[in-house]
>>> print(open('entry.cif').read())   # mmCIF, C-alpha atoms
data_my_file
#
loop_
_atom_site.label_atom_id
_atom_site.label_comp_id
_atom_site.auth_asym_id
_atom_site.auth_seq_id
_atom_site.Cartn_x
_atom_site.Cartn_y
_atom_site.Cartn_z
CA MET T 1 0.00 0.00 0.00
CA LEU T 2 2.79 2.43 0.91
CA SER T 3 4.48 1.83 -2.44
CA ILE T 4 1.23 2.64 -4.25
CA VAL T 5 0.83 5.89 -2.32
CA LEU T 6 4.44 6.96 -2.93
CA THR T 7 4.17 6.07 -6.61
CA GLU T 8 1.01 8.12 -7.00
CA LEU T 9 2.60 11.13 -5.29
CA GLN T 10 5.50 10.88 -7.72
CA LYS T 11 3.13 10.66 -10.69
CA ILE T 12 1.04 13.62 -9.56
CA LYS T 13 3.99 15.97 -10.08
CA ARG T 14 3.99 15.15 -13.80
CA TYR T 15 0.27 15.74 -14.36
CA HIS T 16 -0.75 19.10 -15.81
CA ILE T 17 -4.05 18.93 -13.94
CA LEU T 18 -2.14 19.82 -10.78
CA LEU T 19 -1.91 23.35 -12.22
CA ILE T 20 -5.67 23.64 -11.84
CA GLY T 21 -5.30 23.03 -8.11
CA ILE T 22 -2.39 25.48 -7.83
CA ILE T 23 -4.21 28.23 -9.70
CA GLY T 24 -7.57 27.58 -8.04
CA MET T 25 -6.21 27.67 -4.50
CA ALA T 26 -4.34 30.90 -5.34
CA LEU T 27 -7.56 32.53 -6.56
CA SER T 28 -9.33 31.95 -3.25
CA PRO T 29 -7.67 34.78 -1.24
CA ILE T 30 -7.95 37.09 -4.26
CA LEU T 31 -11.70 36.39 -4.31
CA GLY T 32 -11.79 37.30 -0.61
CA LEU T 33 -10.17 40.66 -1.29
CA ILE T 34 -12.47 41.40 -4.23
CA THR T 35 -15.56 40.49 -2.22
CA GLN T 36 -14.50 42.85 0.55
CA ASN T 37 -13.82 45.72 -1.83
CA VAL T 38 -17.02 45.45 -3.88
CA ALA T 39 -19.36 44.82 -0.97
CA ILE T 40 -21.75 47.55 0.12
CA GLU T 41 -20.70 49.55 3.17
CA GLU T 42 -23.13 47.74 5.48
CA ALA T 43 -21.75 44.33 4.46
CA LYS T 44 -18.06 45.24 4.64
CA ASN T 45 -15.87 44.00 7.47
CA THR T 46 -14.53 47.16 9.09
CA ASN T 47 -11.70 45.15 10.68
CA PHE T 48 -10.63 43.30 7.57
CA ASP T 49 -7.03 42.41 8.38
CA LEU T 50 -4.72 39.51 7.53
CA SER T 51 -6.49 37.14 9.91
CA ALA T 52 -9.85 38.06 8.38
CA LEU T 53 -8.44 37.33 4.92
CA VAL T 54 -7.32 33.88 6.12
CA ASP T 55 -10.83 33.20 7.46
CA SER T 56 -12.38 34.39 4.20
CA THR T 57 -10.03 32.12 2.23
CA ILE T 58 -10.97 29.14 4.40
CA TRP T 59 -14.65 29.80 3.69
CA ASN T 60 -14.10 30.25 -0.05
CA ASN T 61 -11.94 27.13 -0.21
CA ALA T 62 -14.47 24.93 1.55
CA THR T 63 -17.55 26.11 -0.34
CA VAL T 64 -16.16 26.78 -3.82
CA PHE T 65 -12.63 25.71 -4.63
CA MET T 66 -11.74 22.60 -2.60
CA PRO T 67 -14.75 20.42 -3.50
CA ILE T 68 -14.26 20.76 -7.25
CA ILE T 69 -10.44 20.72 -7.16
CA PHE T 70 -10.15 17.67 -4.90
CA THR T 71 -12.77 15.75 -6.88
CA LEU T 72 -11.25 16.72 -10.21
CA ILE T 73 -7.66 15.77 -9.32
CA GLY T 74 -8.65 12.64 -7.38
CA GLY T 75 -10.88 11.42 -10.19
CA TYR T 76 -8.19 12.21 -12.74
CA LEU T 77 -5.64 10.07 -10.86
CA ILE T 78 -7.96 7.08 -11.11
CA ASN T 79 -9.08 7.80 -14.66
CA ARG T 80 -5.49 7.83 -15.93
CA GLU T 81 -5.38 4.06 -15.45
CA TYR T 82 -8.22 3.78 -17.96
CA THR T 83 -6.98 6.33 -20.50
CA ASP T 84 -3.38 5.06 -20.44
CA ASP T 85 -4.61 1.45 -20.58
CA THR T 86 -2.30 0.56 -17.67
CA LEU T 87 -4.93 -0.98 -15.42
CA LYS T 88 -4.60 -4.43 -17.01
CA ASN T 89 -0.86 -4.39 -16.29
CA VAL T 90 -1.23 -3.18 -12.70
CA LEU T 91 -3.82 -5.80 -11.77
CA VAL T 92 -1.55 -8.73 -12.73
CA VAL T 93 1.16 -7.69 -10.21
CA PRO T 94 -1.17 -8.69 -8.46
CA VAL T 95 -2.84 -5.61 -6.99
CA SER T 96 -6.60 -5.72 -6.51
CA PHE T 97 -8.63 -2.82 -7.83
CA PRO T 98 -9.92 -1.87 -4.32
CA LYS T 99 -6.33 -1.76 -3.05
CA LEU T 100 -5.24 0.36 -6.00
CA LEU T 101 -8.21 2.66 -5.44
CA THR T 102 -7.36 2.99 -1.74
CA GLY T 103 -3.75 3.89 -2.55
CA LYS T 104 -4.78 6.58 -5.01
CA LEU T 105 -7.34 8.06 -2.63
CA THR T 106 -4.79 8.09 0.21
CA ALA T 107 -2.34 9.94 -2.02
CA MET T 108 -5.07 12.45 -2.85
CA GLY T 109 -5.73 12.92 0.87
CA ILE T 110 -2.06 13.81 1.40
CA LEU T 111 -2.21 16.16 -1.57
CA SER T 112 -5.25 17.89 -0.07
CA LEU T 113 -3.18 18.79 3.00
CA ILE T 114 -0.35 20.04 0.79
CA LEU T 115 -2.78 22.21 -1.18
CA GLY T 116 -4.20 23.53 2.09
CA MET T 117 -0.72 24.52 3.27
CA TYR T 118 -0.04 26.10 -0.13
CA SER T 119 -3.30 28.07 0.06
CA PHE T 120 -2.36 29.40 3.50
CA ILE T 121 1.05 30.58 2.28
CA ILE T 122 -0.46 32.26 -0.79
CA THR T 123 -3.04 33.97 1.42
CA ILE T 124 -0.33 35.47 3.62
CA ILE T 125 1.58 36.67 0.54
CA VAL T 126 -1.56 38.21 -1.01
CA GLY T 127 -2.44 39.90 2.30
CA ILE T 128 1.03 41.41 2.65
CA PHE T 129 1.03 42.74 -0.91
CA ALA T 130 -2.46 44.16 -0.35
CA GLY T 131 -1.13 46.07 2.66
CA LEU T 132 -3.37 44.39 5.22
CA SER T 133 -2.52 44.86 8.89
CA GLY T 134 -2.92 42.44 11.78
CA PHE T 135 0.15 40.25 11.42
CA ASP T 136 -0.58 38.31 14.62
CA ILE T 137 1.53 35.16 14.87
CA LEU T 138 -0.85 33.32 17.21
CA ALA T 139 -3.87 34.19 15.06
CA LEU T 140 -2.06 33.04 11.92
CA ILE T 141 -1.02 29.75 13.53
CA LYS T 142 -4.66 29.20 14.45
CA GLY T 143 -5.60 30.02 10.87
CA LEU T 144 -3.06 27.47 9.61
CA PHE T 145 -4.61 24.72 11.71
CA TYR T 146 -8.04 25.76 10.47
CA MET T 147 -6.81 25.57 6.87
CA LEU T 148 -5.27 22.12 7.28
CA GLY T 149 -8.31 20.89 9.18
CA ILE T 150 -10.79 22.12 6.60
CA SER T 151 -8.66 20.61 3.82
CA ILE T 152 -8.86 17.07 5.18
CA CYS T 153 -12.51 17.44 6.26
CA ILE T 154 -13.65 18.69 2.85
CA TYR T 155 -11.69 15.86 1.26
CA ILE T 156 -13.60 13.38 3.43
CA ALA T 157 -16.86 15.10 2.40
CA VAL T 158 -16.17 14.56 -1.32
CA LEU T 159 -14.48 11.18 -0.90
CA PRO T 160 -17.62 9.14 -1.71
CA ILE T 161 -18.01 11.11 -4.95
CA ILE T 162 -14.41 10.45 -5.98
CA ALA T 163 -14.63 6.75 -5.10
CA PHE T 164 -17.95 6.26 -6.89
CA CYS T 165 -16.93 8.15 -10.04
CA GLY T 166 -13.63 6.25 -10.11
CA ARG T 167 -15.54 3.06 -10.89
CA THR T 168 -16.53 4.38 -14.33
CA PRO T 169 -14.03 5.66 -16.93
CA GLY T 170 -14.40 9.36 -17.70
CA PHE T 171 -17.08 10.01 -15.07
CA PHE T 172 -14.86 12.14 -12.82
CA MET T 173 -15.74 15.36 -14.69
CA GLY T 174 -19.40 14.90 -13.81
CA GLY T 175 -18.40 14.16 -10.23
CA SER T 176 -16.51 17.47 -10.08
CA VAL T 177 -19.65 19.36 -11.08
CA ILE T 178 -21.67 17.51 -8.43
CA ALA T 179 -19.06 18.31 -5.77
CA PHE T 180 -19.07 21.99 -6.73
CA VAL T 181 -22.86 22.22 -6.48
CA LEU T 182 -22.92 20.43 -3.11
CA GLY T 183 -20.20 22.70 -1.75
CA TYR T 184 -21.95 25.85 -2.96
CA CYS T 185 -25.21 24.73 -1.36
CA SER T 186 -23.53 25.10 2.05
CA MET T 187 -24.41 28.78 1.96
CA PHE T 188 -28.13 28.08 2.18
CA PHE T 189 -28.33 25.90 5.30
CA LYS T 190 -28.42 28.23 8.28
CA SER T 191 -30.17 26.19 10.95
CA GLY T 192 -31.75 22.91 11.87
CA LEU T 193 -30.60 19.32 11.60
CA LEU T 194 -29.46 19.67 8.00
CA ARG T 195 -26.88 22.29 9.01
CA ASN T 196 -25.44 19.87 11.57
CA ILE T 197 -25.22 16.83 9.34
CA TYR T 198 -24.45 18.43 5.96
CA PRO T 199 -20.84 17.22 5.43
CA PHE T 200 -19.44 20.52 4.13
CA LEU T 201 -20.85 22.55 7.01
CA ALA T 202 -19.99 19.74 9.43
CA SER T 203 -16.37 20.27 8.40
CA PHE T 204 -16.48 23.81 9.82
CA THR T 205 -18.11 22.53 12.99
CA VAL T 206 -15.48 19.85 13.56
CA ILE T 207 -12.53 22.26 13.28
CA GLY T 208 -14.28 24.89 15.40
CA PHE T 209 -14.55 27.54 12.69
CA ASP T 210 -17.17 30.25 13.30
CA THR T 211 -19.47 30.52 10.26
CA THR T 212 -21.81 33.13 11.77
CA SER T 213 -20.55 36.00 9.65
CA TYR T 214 -20.85 33.95 6.45
CA ILE T 215 -24.24 32.24 6.69
CA ASN T 216 -25.80 34.16 9.59
CA ALA T 217 -26.25 30.93 11.53
CA LYS T 218 -29.07 31.06 14.03
CA ASN T 219 -27.88 28.41 16.47
CA LYS T 220 -24.70 26.66 17.52
CA ALA T 221 -23.79 23.54 15.57
CA SER T 222 -23.29 20.15 17.21
CA ILE T 223 -19.76 18.75 17.12
CA PRO T 224 -20.88 15.10 17.73
CA LEU T 225 -23.31 15.33 14.79
CA GLY T 226 -20.58 16.88 12.66
CA LEU T 227 -18.16 14.07 13.50
CA ALA T 228 -20.89 11.51 12.84
CA SER T 229 -21.58 13.08 9.45
CA LEU T 230 -17.95 12.86 8.33
CA GLY T 231 -17.74 9.35 9.80
CA VAL T 232 -20.65 8.29 7.61
CA MET T 233 -18.84 9.71 4.58
CA LEU T 234 -15.82 7.54 5.41
CA LEU T 235 -18.01 4.44 5.82
CA ILE T 236 -19.78 5.07 2.53
CA SER T 237 -16.41 5.53 0.81
CA ALA T 238 -15.06 2.31 2.32
CA PHE T 239 -18.14 0.42 1.14
CA ILE T 240 -17.81 1.78 -2.39
CA ILE T 241 -14.13 0.82 -2.48
CA VAL T 242 -14.76 -2.72 -1.22
CA ILE T 243 -17.43 -3.48 -3.83
CA SER T 244 -15.52 -1.81 -6.67
CA LYS T 245 -14.38 -3.88 -9.63
CA SER T 246 -12.42 -2.68 -12.60
CA PRO T 247 -14.04 -2.85 -16.06
CA GLY T 248 -11.36 -5.36 -17.02
CA GLU T 249 -12.31 -7.67 -14.17
CA ALA T 250 -15.95 -7.62 -15.22
CA LYS T 251 -15.08 -8.42 -18.81
CA THR T 252 -12.75 -11.22 -17.73
CA LYS T 253 -15.44 -12.76 -15.55
CA GLN T 254 -17.94 -12.59 -18.39
CA ARG T 255 -15.43 -14.18 -20.77
CA LYS T 256 -14.79 -17.02 -18.31
CA ASN T 257 -18.51 -17.60 -17.96
CA ASN T 258 -18.88 -17.76 -21.72
CA ILE T 259 -16.01 -20.25 -22.00
CA SER T 260 -17.44 -22.44 -19.25
CA LEU T 261 -20.80 -22.50 -21.02
CA ARG T 262 -19.43 -23.70 -24.33
CA PRO T 263 -18.87 -27.38 -23.36
CA ALA T 264 -22.34 -27.54 -21.88
CA GLN T 265 -23.79 -26.03 -25.02
CA ARG T 266 -21.95 -28.53 -27.20
CA GLU T 267 -23.23 -31.38 -25.04
CA ARG T 268 -26.83 -30.16 -25.40
CA ILE T 269 -26.38 -29.94 -29.19
CA MET T 270 -25.05 -33.48 -29.38
CA THR T 271 -27.90 -34.72 -27.16
CA ASN T 272 -30.46 -33.09 -29.40
CA ARG T 273 -28.94 -34.69 -32.46
CA HIS T 274 -29.18 -38.13 -30.96
#
>>> encode(input="entry.cif", output="structure tokens")
Amino acid sequence: MLSIVLTELQKIKRYHILLIGIIGMALSPILGLITQNVAIEEAKNTNFDLSALVDSTIWNNATVFMPIIFTLIGGYLINREYTDDTLKNVLVVPVSFPKLLTGKLTAMGILSLILGMYSFIITIIVGIFAGLSGFDILALIKGLFYMLGISICIYIAVLPIIAFCGRTPGFFMGGSVIAFVLGYCSMFFKSGLLRNIYPFLASFTVIGFDTTSYINAKNKASIPLGLASLGVMLLISAFIIVISKSPGEAKTKQRKNNISLRPAQRERIMTNRH
């Protein structure tokens, strides 16, 4: 398993799709600055400093950028085995398709943390160039932990989508659109049970991030329900991985069934002749 993960991390560096993640995560703090500047006076944050920019980037990442980027890159890693026609060679090592899928998804989980760290660094750079004040070391360290926490939690939230779409060649693009829509819908759940169990909002709850200023939440979210929500996402993902079979395996099984039926068919033909 470790060799699969390390191999995937090495392969990721050569894929051009990684540029989408790099560019997308860099756009998040820029979006935060633009939103602050174009907002009406009543909606502006009068104390918009570097820490506020980090918080804004965390929100933008979790609701817009991370869901689509993680799903897109994760699905692409799996889909490459189909497009490069390498899956048939990998499976004879032997490496089962569920094990291969687990290795790729684990590598993507590590990459999600790396992208979260990258996003934090870019946010600090953008804030400094924008002339924002409030360079508080303790606040920034807290923001870093928030960023890393939201990265892994959002990855868990979209993990079932990646795993399910990975079962079908070329389906990861559709999965990316689904992930984007689900992430964007986070803005509309302000109260009630759905806010507590919705995986994307549960991610904020688990890391202790205050979403009041973003969705005007009317009550405090439940951490146990948030943890349970992400736990269910992991269980669903594990189930999808366990039952997954590569297209090649299905074809091979069908071919074997056809071969096993031929003697019986010949016997029935001979019996009918006699």
>>> closest_residue(input="entry.cif", among="T:Lys142, T:Lys99, T:Lys245, T:Lys11", to="Leu77 (chain T)", atoms="only C-alpha atoms")
T:Lys11
>>> resolve_selection(input="entry.cif", expression="the PyMOL selection byres ((chain T and resi 17) around 12)", output="PyMOL selection string")
chain T and resi 11-16+18-24+69-77+80
>>> write_last_selection(input="entry.cif", atoms="C-alpha atoms", output="PDB file, in the coordinates of the input")
ATOM      1  CA  LYS T  11       3.130  10.660 -10.690  1.00  0.00           C
ATOM      2  CA  ILE T  12       1.040  13.620  -9.560  1.00  0.00           C
ATOM      3  CA  LYS T  13       3.990  15.970 -10.080  1.00  0.00           C
ATOM      4  CA  ARG T  14       3.990  15.150 -13.800  1.00  0.00           C
ATOM      5  CA  TYR T  15       0.270  15.740 -14.360  1.00  0.00           C
ATOM      6  CA  HIS T  16      -0.750  19.100 -15.810  1.00  0.00           C
ATOM      7  CA  LEU T  18      -2.140  19.820 -10.780  1.00  0.00           C
ATOM      8  CA  LEU T  19      -1.910  23.350 -12.220  1.00  0.00           C
ATOM      9  CA  ILE T  20      -5.670  23.640 -11.840  1.00  0.00           C
ATOM     10  CA  GLY T  21      -5.300  23.030  -8.110  1.00  0.00           C
ATOM     11  CA  ILE T  22      -2.390  25.480  -7.830  1.00  0.00           C
ATOM     12  CA  ILE T  23      -4.210  28.230  -9.700  1.00  0.00           C
ATOM     13  CA  GLY T  24      -7.570  27.580  -8.040  1.00  0.00           C
ATOM     14  CA  ILE T  69     -10.440  20.720  -7.160  1.00  0.00           C
ATOM     15  CA  PHE T  70     -10.150  17.670  -4.900  1.00  0.00           C
ATOM     16  CA  THR T  71     -12.770  15.750  -6.880  1.00  0.00           C
ATOM     17  CA  LEU T  72     -11.250  16.720 -10.210  1.00  0.00           C
ATOM     18  CA  ILE T  73      -7.660  15.770  -9.320  1.00  0.00           C
ATOM     19  CA  GLY T  74      -8.650  12.640  -7.380  1.00  0.00           C
ATOM     20  CA  GLY T  75     -10.880  11.420 -10.190  1.00  0.00           C
ATOM     21  CA  TYR T  76      -8.190  12.210 -12.740  1.00  0.00           C
ATOM     22  CA  LEU T  77      -5.640  10.070 -10.860  1.00  0.00           C
ATOM     23  CA  ARG T  80      -5.490   7.830 -15.930  1.00  0.00           C
TER      24      ARG T  80
END
>>> resolve_selection(input="entry.cif", expression="the PyMOL selection byres ((chain T and resi 193) around 12)", output="PyMOL selection string")
chain T and resi 189-192+194-199+201-202+219-222+225-226+229
>>> closest_atom_pairs(input="entry.cif", of="region 140-219 of chain T", to="region 119-133 of chain T", cutoff="9 Å", atoms="all atoms listed in the file", output="tab-separated table")
residue	atom	partner	partner_atom	distance
T:Leu140	CA	T:Ile124	CA	8.8
T:Gly143	CA	T:Phe120	CA	8.1
T:Leu144	CA	T:Phe120	CA	6.4
T:Met147	CA	T:Phe120	CA	6.8
T:Leu148	CA	T:Phe120	CA	8.7
>>> closest_residue(input="entry.cif", among="T:Asn37, T:Asn60, T:Thr205, T:Asn79", to="Leu101 (chain T)", atoms="only C-alpha atoms")
T:Asn79
>>> closest_residue(input="entry.cif", among="T:Val54, T:Ser176, T:Gly231, T:Leu2", to="Ile141 (chain T)", atoms="all atoms listed in the file")
T:Val54
>>> residues_around(input="entry.cif", residues="Met187 (chain T)", least_positions_apart="5", cutoff="8 Å", atoms="only C-alpha atoms", output="NGL selection string")
:T and (63 or 214-215)
>>> resolve_selection(input="entry.cif", expression="the PyMOL selection byres ((chain T and resi 108) around 9)", output="number ranges by chain")
T: 5, 8-9, 70, 73-74, 77, 103-107, 109-113, 155
>>> atom_distance(input="entry.cif", atom1="CA of Ile58 (chain T)", atom2="CA of Leu230 (chain T)")
18.1 Å
>>> atom_distance(input="entry.cif", atom1="CA of Gly166 (chain T)", atom2="CA of Ser244 (chain T)")
9.0 Å
>>> closest_residue(input="entry.cif", among="T:Met117, T:Pro169, T:Cys153, T:Thr102", to="Phe200 (chain T)", atoms="all atoms listed in the file")
T:Cys153
>>> closest_residue(input="entry.cif", among="T:Asn45, T:Thr35, T:Ser213, T:Thr83", to="Gly170 (chain T)", atoms="all atoms listed in the file")
T:Thr83
>>> closest_residue(input="entry.cif", among="T:Gln10, T:Met233, T:Asn216, T:Leu31", to="Phe188 (chain T)", atoms="all atoms listed in the file")
T:Asn216
>>> atom_distance(input="entry.cif", atom1="CA of Leu33 (chain T)", atom2="CA of Leu182 (chain T)")
24.0 Å
>>> residues_around(input="entry.cif", residues="Phe239 (chain T)", least_positions_apart="4", cutoff="12 Å", atoms="all atoms listed in the file", output="count of residues only")
12
>>> axis_aligned_box(input="entry.cif", around="region 174-187 of chain T", padding_each_side="8 Å", output="lines of an AutoDock Vina configuration file")
center_x = -20.9
center_y = 21.5
center_z = -5.9
size_x = 24.7
size_y = 30.6
size_z = 31.9
